[in-house]
Amino acid sequence: MTHPKTTGHIALVGAGPGARDLLTLRALERIRAADVLLYDRLVDPEIMELAPSGAERIYVGKDVGACKWPQGRIDRLIVAKAKLGLRVVRLKSGDPSIFGRACEEIAAARAAGIEVEIVPGITAASAAAASIGRPLTQRGETDTFVITTGTCKPGDASPDRARLAHPGTSMAFYMAVERAAQVQADLMGAGAPAACPVEIVTRASTPEERHVATTLGALSDTIIAEGIANPAILFIRYPKSLARALAGTGAVIAA
């Protein structure tokens with residue numbers, strides 16, 4: 001089936017972790033050329049100010065406990081706007097390809113015969129690690145880096161976290177604050193030591209950024225005690241040196 005030619009265009013633009021100066025040049029170009037911007041609560045208002053004054057701005061956030069904008073409605077809206085010949089920018093915090101539901105929006109655009117592109121952005125894990133001066137990998141200590149989630153699609157099973165509990169692994173957990181106790185239990189149950197270092201970074205790259213250091217064994221208690229809430233990244237590292245220490249002593253390293 002052929003579709004009528006349209007001059008409309010859809011760009012799924014990574015708005016980065018929050019700070020306006022972490023936008024890519026391509027993201028800035030797309031925002032400045034937009035006729036319509038769709039955004040959510042994690043996009044910094046200062047980024048919205050970069051759009052033309054006449055651009056239509058539509059909030060499509062999925063707030064906790066409410067879902068005024070289910071994904072299907074967003075898909076239909078971006079397609080409808082593009083069919084009018086408009087340049088549509090779907091602003092997504094971080095990078096659109098990392099837990100950004102880009103697949104659904106790309107599929108909707110292609111089904112309608114509308115040109116669509118992904119403009120990558122700095123994902124929260126990169127920004128959070130940079131802000132606390134901790135590289136995501138370390139030679140000789142962590143040679144595997146994993147981005148995963150604490151919250152899956154309703155009805156889906158949790159990720160198999162046992163695969164992650166291996167020496168040399170550095171993990172970044174998105175949307176995991178409310179699942180921290182389960183993440184902790186899964187990793188320790190699979191053999192990750194309680195002493196694995198953990199860094200929690202909330203609202204990375206914004207004026208409200210906060211950093212809390214703890215251990216895997218104390219993770220869930222620390223989140224409760226510190227009142228940590230989303231948006232946050234949980235960094236959990238299982239360094240090779242820690243595994244060697246355990247193997248050498250045969251002891252369990254306490255949290």
# chains A, B, ... in the order shown; residues from 1 in each chain; ligands from 1
$ residues_around --residues "segment 232-237 of chain A" --least-positions-apart "6" --cutoff "8 Å" --atoms "only C-alpha atoms" --output "MDAnalysis selection string"
chainID A and resid 124:125 128 142 168:177 196:204 216
$ select_by_dssp --residues "segment 2-162 of chain A" --states "helix (DSSP H, G or I)" --output "PyMOL selection string"
chain A and resi 20-22+25-32+45-48+71-83+102-111+124-131+161-162
$ write_last_selection --atoms "C-alpha atoms" --output "short mmCIF file (atom, residue, chain, number, x, y, z; two decimals), in the first residue's frame"
data_model
loop_
_atom_site.label_atom_id
_atom_site.label_comp_id
_atom_site.auth_asym_id
_atom_site.auth_seq_id
_atom_site.Cartn_x
_atom_site.Cartn_y
_atom_site.Cartn_z
CA ARG A 20 20.58 22.56 28.63
CA ASP A 21 24.27 22.71 27.76
CA LEU A 22 24.38 18.93 27.43
CA LEU A 25 24.13 20.40 18.25
CA ARG A 26 21.77 18.28 16.15
CA ALA A 27 19.18 18.25 18.94
CA LEU A 28 19.45 22.04 19.15
CA GLU A 29 18.92 22.36 15.39
CA ARG A 30 15.80 20.19 15.45
CA ILE A 31 14.33 22.05 18.42
CA ARG A 32 14.94 25.44 16.81
CA PRO A 45 11.85 24.02 30.86
CA GLU A 46 14.97 25.90 29.72
CA ILE A 47 15.24 23.51 26.79
CA MET A 48 11.70 24.35 25.74
CA GLN A 71 1.51 5.59 24.42
CA GLY A 72 -1.08 4.91 21.73
CA ARG A 73 -2.47 8.43 22.07
CA ILE A 74 1.02 9.93 21.71
CA ASP A 75 1.66 7.81 18.62
CA ARG A 76 -1.54 9.02 16.98
CA LEU A 77 -0.83 12.65 17.81
CA ILE A 78 2.68 12.82 16.37
CA VAL A 79 1.45 11.14 13.20
CA ALA A 80 -1.53 13.50 12.89
CA LYS A 81 0.67 16.58 13.31
CA ALA A 82 3.21 15.33 10.78
CA LYS A 83 0.44 14.62 8.26
CA ALA A 102 11.06 4.89 20.61
CA CYS A 103 10.07 1.62 18.94
CA GLU A 104 6.35 2.35 19.18
CA GLU A 105 6.67 5.88 17.78
CA ILE A 106 8.96 4.80 14.95
CA ALA A 107 6.54 2.04 14.00
CA ALA A 108 3.59 4.46 13.98
CA ALA A 109 5.46 6.94 11.78
CA ARG A 110 6.61 4.30 9.30
CA ALA A 111 3.15 2.77 9.10
CA ALA A 124 21.29 9.70 32.42
CA ALA A 125 23.90 7.08 33.30
CA SER A 126 26.64 8.91 31.42
CA ALA A 127 25.70 12.27 32.91
CA ALA A 128 25.35 10.92 36.45
CA ALA A 129 28.70 9.12 36.35
CA ALA A 130 30.42 12.21 34.95
CA SER A 131 28.91 14.47 37.60
CA ARG A 161 19.62 -10.18 37.30
CA ALA A 162 21.55 -13.33 38.17
#
$ residues_around --residues "Asp186 of chain A" --least-positions-apart "5" --cutoff "9 Å" --atoms "only C-alpha atoms" --output "ChimeraX atom specification"
/A:160-162,165,181,191-192
$ atom_distance --atom1 "atom CA of Arg57 of chain A" --atom2 "atom CA of Leu37 of chain A"
4.9 Å
$ closest_residue --among "A:Arg101, A:Ala185, A:Ala180, A:Gly16" --to "Ile122 of chain A" --atoms "only C-alpha atoms"
A:Gly16
$ residues_around --residues "Arg179 of chain A" --least-positions-apart "5" --cutoff "9 Å" --atoms "only C-alpha atoms" --output "PyMOL selection string"
chain A and resi 150-151+184+220
$ closest_residue --among "A:Ile10, A:Leu50, A:Gly155, A:Ile132" --to "Gly85 of chain A" --atoms "only C-alpha atoms"
A:Ile10
$ residues_around --residues "Ala33 of chain A" --least-positions-apart "5" --cutoff "9 Å" --atoms "only C-alpha atoms" --output "MDAnalysis selection string"
chainID A and resid 28 51:52 55 87 89
$ closest_residue --among "A:Ile223, A:Leu187, A:Thr144, A:Lys92" --to "Arg163 of chain A" --atoms "only C-alpha atoms"
A:Leu187
$ select_by_dssp --residues "segment 4-249 of chain A" --states "strand (DSSP E or B)" --output "number ranges by chain"
A: 9-14, 16, 36-39, 56-59, 87-92, 94, 115-119, 138, 142, 144-149, 169-174, 197-202, 210-215, 232-238
$ residues_around --residues "Asp44 of chain A" --least-positions-apart "3" --cutoff "10 Å" --atoms "only C-alpha atoms" --output "number ranges by chain"
A: 15-20, 39-41, 47-49, 93, 206
$ atom_distance --atom1 "atom CA of Pro239 of chain A" --atom2 "atom CA of Leu164 of chain A"
12.2 Å
$ atom_distance --atom1 "atom CA of Asp156 of chain A" --atom2 "atom CA of Gly217 of chain A"
26.3 Å
$ closest_residue --among "A:Phe99, A:Lys240, A:Pro135, A:Gly189" --to "Lys153 of chain A" --atoms "only C-alpha atoms"
A:Phe99
$ closest_residue --among "A:Ala11, A:Leu42, A:Ala213, A:Leu242" --to "Glu141 of chain A" --atoms "only C-alpha atoms"
A:Leu242
